[in-house]
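Data first, discussion second: the structure below is written as structure tokens.
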Amino acid sequence: IPSLKGAVMPAGWYLEFFMISFLLPFIRNQKKAVKWSAATVIAVMFTLVITNMVTMFVFGAITDQFTYPVMEAARYISITEFIQHMESVVMAIWVGGIFVKISVFFYATVLSTAQWLKLSDYRPIVFPFAFIISVLGHWSAANLQELEKFLVETFPIYSLVFLAVIPIMLLLAAIILSKRSNPNAE
């Protein structure tokens, strides 16, 4: 049971890979899409395992006392007194990854909303959505403790509902509606 409880938050992160399905229609070679999607998931899983193992090896039992243990571990890196302060590299990778993630989520949100509203172009709703997301981003968590509470308690349920249950229900509804509208297609 402790292992299952510990797997809830990473499962929420892995549900974000459903966002890849929004990008699949734009891929030229559909045959390679599944292979590279699986390779991405495996690479991220491998990276997370290695990162967590390194922080566990560095800090041991006190790892859970740090808010960001990877940043704390990066402070210890010193190679021949020349390569130091690697936390800036870790932070740059982190910020770059978050930028890509937010961009993909934003694109999928705007594109799916435009398709849902049957708009001919998605560009007119880009700025309003960006404004709404910016405002909601400031209201979402007033401080680090609220953000941590959200990530631990709410995010796994939120990600399960919005990244798995609703898209699967929409997919099933689309399949059922397409079979009803075209009964000869099998």
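Scheme for the structure tokens: letters A, B, ... for chains in order shown; per-chain residue numbers from 1; ligand numbers from 1 in order shown.
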Inset, instruction - Can you pull out every residue within 10 Å of Glu16 (chain A), counting only C-alpha atoms, but drop anything in the same chain fewer than 6 positions away, and send it as an NGL selection string? - result: :A and (101 or 105 or 159-160 or 162-164)
Hey, which bits of region 61-121 of chain A sit within 12 Å of region 133-137 of chain A, and for each residue what's the closest pair of atoms and how far apart in Å (one decimal), counting only C-alpha atoms, rows by chain and increasing number, as CSV?
residue,atom,partner,partner_atom,distance
A:Ile102,CA,A:Ile133,CA,10.3
A:Ser103,CA,A:Ile133,CA,11.7
A:Phe105,CA,A:Ile133,CA,11.1
A:Phe106,CA,A:Ile133,CA,8.8
A:Thr109,CA,A:Ile133,CA,10.8
A:Val110,CA,A:Ile133,CA,11.3
Mind writing the picked residues with all heavy atoms as an mmCIF file, in the first residue's frame?
data_model
loop_
_atom_site.group_PDB
_atom_site.id
_atom_site.type_symbol
_atom_site.label_atom_id
_atom_site.label_comp_id
_atom_site.auth_asym_id
_atom_site.auth_seq_id
_atom_site.Cartn_x
_atom_site.Cartn_y
_atom_site.Cartn_z
ATOM 1 N N ILE A 102 4.211 23.656 -21.113
ATOM 2 C CA ILE A 102 3.135 24.651 -21.121
ATOM 3 C C ILE A 102 2.727 24.980 -22.556
ATOM 4 O O ILE A 102 1.544 25.131 -22.854
ATOM 5 C CB ILE A 102 3.557 25.917 -20.351
ATOM 6 C CG1 ILE A 102 3.628 25.608 -18.858
ATOM 7 C CG2 ILE A 102 2.601 27.081 -20.610
ATOM 8 C CD1 ILE A 102 4.208 26.727 -18.024
ATOM 9 N N SER A 103 3.695 25.064 -23.456
ATOM 10 C CA SER A 103 3.391 25.363 -24.855
ATOM 11 C C SER A 103 2.538 24.275 -25.488
ATOM 12 O O SER A 103 1.566 24.570 -26.197
ATOM 13 C CB SER A 103 4.679 25.539 -25.661
ATOM 14 O OG SER A 103 5.440 26.597 -25.153
ATOM 15 N N PHE A 105 0.582 22.049 -23.897
ATOM 16 C CA PHE A 105 -0.737 22.070 -23.264
ATOM 17 C C PHE A 105 -1.570 23.249 -23.775
ATOM 18 O O PHE A 105 -2.763 23.115 -24.031
ATOM 19 C CB PHE A 105 -0.601 22.149 -21.741
ATOM 20 C CG PHE A 105 -0.492 20.812 -21.084
ATOM 21 C CD1 PHE A 105 0.688 20.096 -21.132
ATOM 22 C CD2 PHE A 105 -1.561 20.272 -20.409
ATOM 23 C CE1 PHE A 105 0.799 18.872 -20.524
ATOM 24 C CE2 PHE A 105 -1.464 19.034 -19.798
ATOM 25 C CZ PHE A 105 -0.286 18.325 -19.855
ATOM 26 N N PHE A 106 -0.937 24.411 -23.927
ATOM 27 C CA PHE A 106 -1.644 25.588 -24.414
ATOM 28 C C PHE A 106 -2.118 25.371 -25.848
ATOM 29 O O PHE A 106 -3.268 25.675 -26.186
ATOM 30 C CB PHE A 106 -0.735 26.815 -24.322
ATOM 31 C CG PHE A 106 -1.387 28.087 -24.740
ATOM 32 C CD1 PHE A 106 -2.378 28.659 -23.961
ATOM 33 C CD2 PHE A 106 -1.010 28.723 -25.910
ATOM 34 C CE1 PHE A 106 -2.987 29.842 -24.341
ATOM 35 C CE2 PHE A 106 -1.615 29.894 -26.291
ATOM 36 C CZ PHE A 106 -2.605 30.465 -25.520
ATOM 37 N N THR A 109 -5.017 22.961 -25.885
ATOM 38 C CA THR A 109 -6.224 23.597 -25.348
ATOM 39 C C THR A 109 -6.857 24.531 -26.372
ATOM 40 O O THR A 109 -8.067 24.476 -26.611
ATOM 41 C CB THR A 109 -5.889 24.387 -24.064
ATOM 42 O OG1 THR A 109 -5.323 23.496 -23.110
ATOM 43 C CG2 THR A 109 -7.110 25.053 -23.489
ATOM 44 N N VAL A 110 -6.050 25.376 -26.994
ATOM 45 C CA VAL A 110 -6.575 26.330 -27.963
ATOM 46 C C VAL A 110 -7.110 25.604 -29.193
ATOM 47 O O VAL A 110 -8.211 25.904 -29.680
ATOM 48 C CB VAL A 110 -5.482 27.357 -28.346
ATOM 49 C CG1 VAL A 110 -5.892 28.183 -29.542
ATOM 50 C CG2 VAL A 110 -5.170 28.251 -27.168
#
Inset, instruction - Counting only C-alpha atoms, figure out which residue out of A:Ile175, A:Pro156, A:Lys149, A:Tyr68 gets nearest to Leu15 (chain A). - result: A:Pro156
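In this model, the gap between CA of Gln30 (chain A) and CA of Leu172 (chain A) comes to 21.4 Å.
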Inset, instruction - Between CA of Ile20 (chain A) and CA of Ser37 (chain A), measure the distance and give it in Å to one decimal. - result: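 CA of Ser37 (chain A) lies at a distance of 7.4 Å from CA of Ile20 (chain A).
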Inset, instruction - List the neighbours of Thr55 (chain A) out to 12 Å using only C-alpha atoms; skip same-chain residues closer than 3 positions along the sequence, and give me the result as a list in words. - result: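 Counting only C-alpha atoms, the residues come to Leu48, Val49, Ile50, Thr51, Asn52, Val58, Phe59, Gly60, Ala61, Ile62, Thr63, Asp64, Gln65, Phe66, Tyr68, Pro69, Val70, Met71, Glu72, Ala73, Ala74, Arg75, Tyr76 and Ile77 of chain A.
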For the selection you just gave me, I'd like the residues written to a file as a short mmCIF file (atom, residue, chain, number, x, y, z; two decimals), in the first residue's frame, keeping C-alpha atoms.
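File selection.cif, as written:
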data_model
loop_
_atom_site.label_atom_id
_atom_site.label_comp_id
_atom_site.auth_asym_id
_atom_site.auth_seq_id
_atom_site.Cartn_x
_atom_site.Cartn_y
_atom_site.Cartn_z
CA LEU A 48 13.34 10.14 -13.44
CA VAL A 49 14.63 6.85 -12.02
CA ILE A 50 18.29 7.89 -12.41
CA THR A 51 17.61 11.35 -10.97
CA ASN A 52 15.77 9.93 -7.97
CA VAL A 58 23.49 11.66 -2.00
CA PHE A 59 21.02 12.37 0.81
CA GLY A 60 19.72 8.97 1.92
CA ALA A 61 16.88 9.04 4.43
CA ILE A 62 16.71 12.85 4.61
CA THR A 63 15.78 13.22 0.91
CA ASP A 64 12.11 13.74 1.73
CA GLN A 65 12.97 16.75 3.90
CA PHE A 66 14.05 18.81 0.87
CA TYR A 68 13.63 20.23 -4.39
CA PRO A 69 16.22 17.52 -3.69
CA VAL A 70 17.64 17.57 -7.23
CA MET A 71 18.56 21.23 -6.83
CA GLU A 72 20.17 20.49 -3.47
CA ALA A 73 22.14 17.60 -5.00
CA ALA A 74 23.30 19.80 -7.89
CA ARG A 75 24.90 22.15 -5.38
CA TYR A 76 27.28 19.38 -4.36
CA ILE A 77 28.66 18.91 -7.87
#
Legend entry - Residue contacts of region 42-45 of chain A (12 Å, only C-alpha atoms) excluding same-chain residues fewer than 6 positions away, as a list in words: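 Listing them by chain and then by number gives Pro10, Ala11, Trp13, Tyr14, Glu16, Phe17, Lys35, Trp36, Thr51, Asn52 and Gly97 of chain A.
The two atoms in question, CA of Ser21 (chain A) and CA of Ala38 (chain A), are spaced 12.0 Å apart.
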Inset, instruction - Pull the alpha helix (DSSP H) assignments for region 3-133 of chain A out of DSSP run on the backbone, and list those residues as number ranges by chain. - result: A: 3-15, 20-23, 30-59, 69-74, 87-116, 126-133
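Ranking A:Phe18, A:Val126, A:Gly12, A:Val89 by their shortest atom-to-atom distance to Glu153 (chain A), with only C-alpha atoms included, puts A:Gly12 first.
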